[in-house]
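A.B. asks: Here it is, the structure in full.
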Amino acid sequence: MSEPTTTETGGTPEPDRAPDPAETSVAGQAPDPIKAVPLRHPGQWVAAAAILILAGLFGYGAATNEAYRWSTYFDYLFDTRIVAAAGWTLALTVCAMLLGVVLGVVMAVMRLSPNPVLRSVAWVYLWIFRGTPVYVQLVLWGLFGSIYKQIDLGIPFGPQFFHIDVQAMNAAFLFAVIGLGLNEAAYMAEIVRAGITSVPEGQLEASVALGMTWSQTMRRVVLPQAMRVIIPPTGNELISMLKTTSLVTAIPFSLELYGQQRDISSLNFQPIPMLLVASTWYLAITSILMVGQHYLEKHYAKGASRMLSDRQLEDLAQAETLEGGR
């Protein structure tokens with residue numbers, strides 16, 4: 001038996017310890033790899049199996065339930081009226097979002113302005129349009145012709161520049177775009193304001209020190225960094241706007257998806273398959289918009305993370321190879 005060793009400071013005997021496999025391995029050879037056994041989670045497998053069983057039962061029940069009228073569903077899925085309604089829905093979405101984004105940027109700038117009048121006007125605008133339901137706003141826009149029968153612009157008791165007979169106008173689509181766009185602008189204003197304020201003030205100070213103008217600072221410094229914060233909620237608002245177009249029947253405007261399926265179902269007396277047809281088109285368009293949002297977020301997220309992408313890692317490896325070959 002070996003004698004117990006003593007420490008340099010004390011002299012207290014140190015008990016013998018078991019030899020380390022790494023120390024007893026042959027010199028120049030790596031130690032045996034550790035055989036790690038993953039932790040088992042039986043509860044997760046049970047939950048996954050239960051979800052799959054429930055999904056299968058629901059799918060079987062939906063496929064065999066005569067109330068869904070799948071034959072009617074497939075007959076009207078690509079009907080010309082439904083396809084045209086999808087086009088009107090996209091037109092409403094794009095036009096309303098453009099109006100909402102432009103007006104939202106203006107309101108965000110007014111909210112950040114040092115002028116108290118501009119700040120107050122922007123705050124009142126946001127308070128009204130965020131505080132009332134969008135359906136109520138659309139109903140009021142549908143009654144715009146009853147509230148304002150005509151619009152005259154000119155000098156009081158003087159010359160009149162132009163006259164508009166609102167009641168004679170057939171502008172349901174225009175009122176739908178205005179109603180949706182004005183409501184969306186209230187939310188876009190807060191999104192844009194949050195994106196601009198997320199940029200550190202040091203960036204603005206550095207831009208001023210470099211001699212940049214305000215427009216150059218916003219275009220080259222602030223907005224590229226703010227877009228990383230603005231794009232995700234804006235994409236969500238775009239998808240939400242697509243579904244909100246179903247409320248324009250309050251104006252009334254019935255050429256979009258929900259209005260068309262309602263008109264068709266009132267003729268064939270089969271509302272369930274027609275609702276499924278409209279839902280399918282909403283899902284298809286939403287899926288395309290989600291893919292576009294993903295790539296936009298990926299584009300503006302460059303440089304925000306320290307983790308390199310696969311392509312960046314490949315470029316770095318090639319650069320190191322070329323540098324080593326010199």
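Residues in the structure tokens are named by chain (A, B, ... in the order shown) and by number from 1 within that chain; ligands are numbered from 1 in the order shown.
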I'd like the contact shell of segment 76-81 of chain A - 7 Å cut-off, only C-alpha atoms, skipping same-chain residues fewer than 4 positions apart - returned as a short mmCIF file (atom, residue, chain, number, x, y, z; two decimals) with N, CA and C atoms, in the first residue's frame.
C.D. replies:
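out.cif, written as the output of this step:
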```cif
data_model
loop_
_atom_site.label_atom_id
_atom_site.label_comp_id
_atom_site.auth_asym_id
_atom_site.auth_seq_id
_atom_site.Cartn_x
_atom_site.Cartn_y
_atom_site.Cartn_z
N THR A 72 -70.30 20.59 -52.86
CA THR A 72 -70.55 22.02 -53.10
C THR A 72 -69.28 22.83 -52.88
N ALA A 85 -63.66 37.83 -56.28
CA ALA A 85 -63.79 38.36 -54.93
C ALA A 85 -62.44 38.35 -54.21
N VAL A 277 -65.21 27.72 -48.28
CA VAL A 277 -64.54 28.21 -49.49
C VAL A 277 -63.84 29.54 -49.20
#
```
A.B. asks: Which residues are near Ile128 of chain A? Cut-off 12 Å, only C-alpha atoms, ignore same chain within fewer than 6 positions. Put them as a PyMOL selection string.
C.D. replies: chain A and resi 121-122+134+136-137+182-183+185-187
A.B. asks: Would you mind listing what lies within 10 Å of Arg262 of chain A as a tab-separated table (two decimals) with C-alpha atoms, in the first residue's frame, with only C-alpha atoms counted and same-chain residues fewer than 5 positions away left out?
C.D. replies:
```tsv
chain	number	residue	atom	x	y	z
A	254	SER	CA	-70.10	43.01	-51.06
A	257	LEU	CA	-64.71	37.24	-50.37
A	267	LEU	CA	-79.07	31.54	-53.41
A	269	PHE	CA	-78.97	27.84	-49.15
A	270	GLN	CA	-75.66	26.18	-48.21
A	271	PRO	CA	-73.76	28.62	-45.98
A	274	MET	CA	-69.42	28.59	-48.81
A	275	LEU	CA	-67.86	29.72	-45.54
A	278	ALA	CA	-63.94	31.75	-48.22
```
A.B. asks: One number please: atom CA of Val229 of chain A to atom CA of Gly195 of chain A, in Å, one decimal.
C.D. replies: 5.1 Å
A.B. asks: Please report, as a tab-separated table, each residue of segment 71-117 of chain A lying at most 12 Å from segment 282-293 of chain A, together with the nearest pair of atoms and the separation in Å rounded to one decimal; use only C-alpha atoms, and order rows by chain and ascending residue number.
C.D. replies:
```
residue	atom	partner	partner_atom	distance
A:Leu77	CA	A:Tyr282	CA	11.9
A:Ile82	CA	A:Tyr282	CA	11.4
A:Val83	CA	A:Tyr282	CA	11.6
A:Ala85	CA	A:Tyr282	CA	11.0
A:Ala86	CA	A:Tyr282	CA	8.3
A:Gly87	CA	A:Ile285	CA	10.5
A:Thr89	CA	A:Tyr282	CA	9.3
A:Leu90	CA	A:Ile285	CA	8.5
A:Thr93	CA	A:Ile285	CA	11.0
A:Val94	CA	A:Leu289	CA	11.6
```
A.B. asks: Mind the document's chain letters and residue numbers, and return as a PyMOL selection string the residues of segment 49-79 of chain A that DSSP labels alpha helix (DSSP H).
C.D. replies: chain A and resi 49-64+70-76
A.B. asks: Write out, as a JSON list (two decimals), in the first residue's frame, the residues just selected, with N, CA and C atoms.
C.D. replies:
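selection-v1.json was written with the following content:
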```json
[["chain", "number", "residue", "atom", "x", "y", "z"],
["A", 49, "ALA", "N", -49.36, 11.63, -29.01],
["A", 49, "ALA", "CA", -50.24, 10.57, -29.50],
["A", 49, "ALA", "C", -51.71, 10.94, -29.32],
["A", 50, "ALA", "N", -52.04, 11.54, -28.17],
["A", 50, "ALA", "CA", -53.43, 11.94, -27.93],
["A", 50, "ALA", "C", -53.87, 13.01, -28.93],
["A", 51, "ILE", "N", -52.96, 13.98, -29.23],
["A", 51, "ILE", "CA", -53.31, 15.03, -30.19],
["A", 51, "ILE", "C", -53.52, 14.45, -31.58],
["A", 52, "LEU", "N", -52.65, 13.52, -31.99],
["A", 52, "LEU", "CA", -52.80, 12.90, -33.30],
["A", 52, "LEU", "C", -54.10, 12.10, -33.40],
["A", 53, "ILE", "N", -54.46, 11.42, -32.34],
["A", 53, "ILE", "CA", -55.70, 10.64, -32.34],
["A", 53, "ILE", "C", -56.91, 11.58, -32.46],
["A", 54, "LEU", "N", -56.89, 12.66, -31.67],
["A", 54, "LEU", "CA", -58.00, 13.61, -31.74],
["A", 54, "LEU", "C", -58.09, 14.27, -33.11],
["A", 55, "ALA", "N", -56.93, 14.61, -33.70],
["A", 55, "ALA", "CA", -56.94, 15.21, -35.03],
["A", 55, "ALA", "C", -57.48, 14.24, -36.07],
["A", 56, "GLY", "N", -57.08, 12.97, -35.95],
["A", 56, "GLY", "CA", -57.60, 11.96, -36.87],
["A", 56, "GLY", "C", -59.10, 11.78, -36.73],
["A", 57, "LEU", "N", -59.59, 11.77, -35.50],
["A", 57, "LEU", "CA", -61.03, 11.62, -35.29],
["A", 57, "LEU", "C", -61.79, 12.82, -35.85],
["A", 58, "PHE", "N", -61.24, 14.03, -35.66],
["A", 58, "PHE", "CA", -61.91, 15.21, -36.19],
["A", 58, "PHE", "C", -61.91, 15.19, -37.72],
["A", 59, "GLY", "N", -60.78, 14.81, -38.32],
["A", 59, "GLY", "CA", -60.72, 14.74, -39.77],
["A", 59, "GLY", "C", -61.69, 13.71, -40.33],
["A", 60, "TYR", "N", -61.78, 12.56, -39.69],
["A", 60, "TYR", "CA", -62.72, 11.54, -40.16],
["A", 60, "TYR", "C", -64.16, 12.01, -40.01],
["A", 61, "GLY", "N", -64.44, 12.67, -38.88],
["A", 61, "GLY", "CA", -65.80, 13.17, -38.68],
["A", 61, "GLY", "C", -66.17, 14.24, -39.69],
["A", 62, "ALA", "N", -65.20, 15.14, -40.01],
["A", 62, "ALA", "CA", -65.48, 16.19, -40.98],
["A", 62, "ALA", "C", -65.66, 15.62, -42.39],
["A", 63, "ALA", "N", -64.89, 14.58, -42.70],
["A", 63, "ALA", "CA", -64.99, 13.99, -44.04],
["A", 63, "ALA", "C", -66.30, 13.24, -44.24],
["A", 64, "THR", "N", -66.85, 12.68, -43.18],
["A", 64, "THR", "CA", -68.07, 11.88, -43.30],
["A", 64, "THR", "C", -69.33, 12.65, -42.91],
["A", 70, "TRP", "N", -69.16, 18.65, -49.08],
["A", 70, "TRP", "CA", -67.86, 18.80, -49.74],
["A", 70, "TRP", "C", -67.99, 18.91, -51.26],
["A", 71, "SER", "N", -69.02, 18.32, -51.82],
["A", 71, "SER", "CA", -69.22, 18.45, -53.27],
["A", 71, "SER", "C", -69.49, 19.91, -53.65],
["A", 72, "THR", "N", -70.30, 20.59, -52.86],
["A", 72, "THR", "CA", -70.55, 22.02, -53.10],
["A", 72, "THR", "C", -69.28, 22.83, -52.88],
["A", 73, "TYR", "N", -68.50, 22.45, -51.88],
["A", 73, "TYR", "CA", -67.24, 23.14, -51.59],
["A", 73, "TYR", "C", -66.32, 23.11, -52.80],
["A", 74, "PHE", "N", -66.11, 21.94, -53.40],
["A", 74, "PHE", "CA", -65.22, 21.83, -54.55],
["A", 74, "PHE", "C", -65.83, 22.48, -55.81],
["A", 75, "ASP", "N", -67.14, 22.52, -55.89],
["A", 75, "ASP", "CA", -67.76, 23.17, -57.05],
["A", 75, "ASP", "C", -67.53, 24.67, -57.06],
["A", 76, "TYR", "N", -67.50, 25.30, -55.89],
["A", 76, "TYR", "CA", -67.38, 26.75, -55.80],
["A", 76, "TYR", "C", -65.99, 27.23, -55.41]]
```
A.B. asks: Which residue, A:Ala172, A:Phe161, A:Lys298, A:Ser120, has the smallest gap to Ala250 of chain A when you use only C-alpha atoms?
C.D. replies: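 Of A:Ala172, A:Phe161, A:Lys298, A:Ser120, the one nearest Ala250 of chain A is A:Ala172, counting only C-alpha atoms.
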A.B. asks: A:Ile164, A:Leu140, A:Ala67, A:Met227: which is nearest Ile272 of chain A, counting only C-alpha atoms?
C.D. replies: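 Ranked by minimum distance to Ile272 of chain A, first place goes to A:Ala67.
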A.B. asks: Just the residues within 12 Å of Cys95 of chain A, please, counting only C-alpha atoms, with nothing from its chain fewer than 2 positions along; format it as a list in words.
C.D. replies: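 Near Cys95 of chain A, the qualifying residues are Trp88, Thr89, Leu90, Ala91, Leu92, Thr93, Met97, Leu98, Leu99, Gly100, Val101, Val102, Phe173, Leu174, Phe175, Ala176, Val177, Ile178, Gly179, Leu180, Gly181, Leu182, Glu184, Leu238, Met241, Leu242 and Thr245 of chain A.
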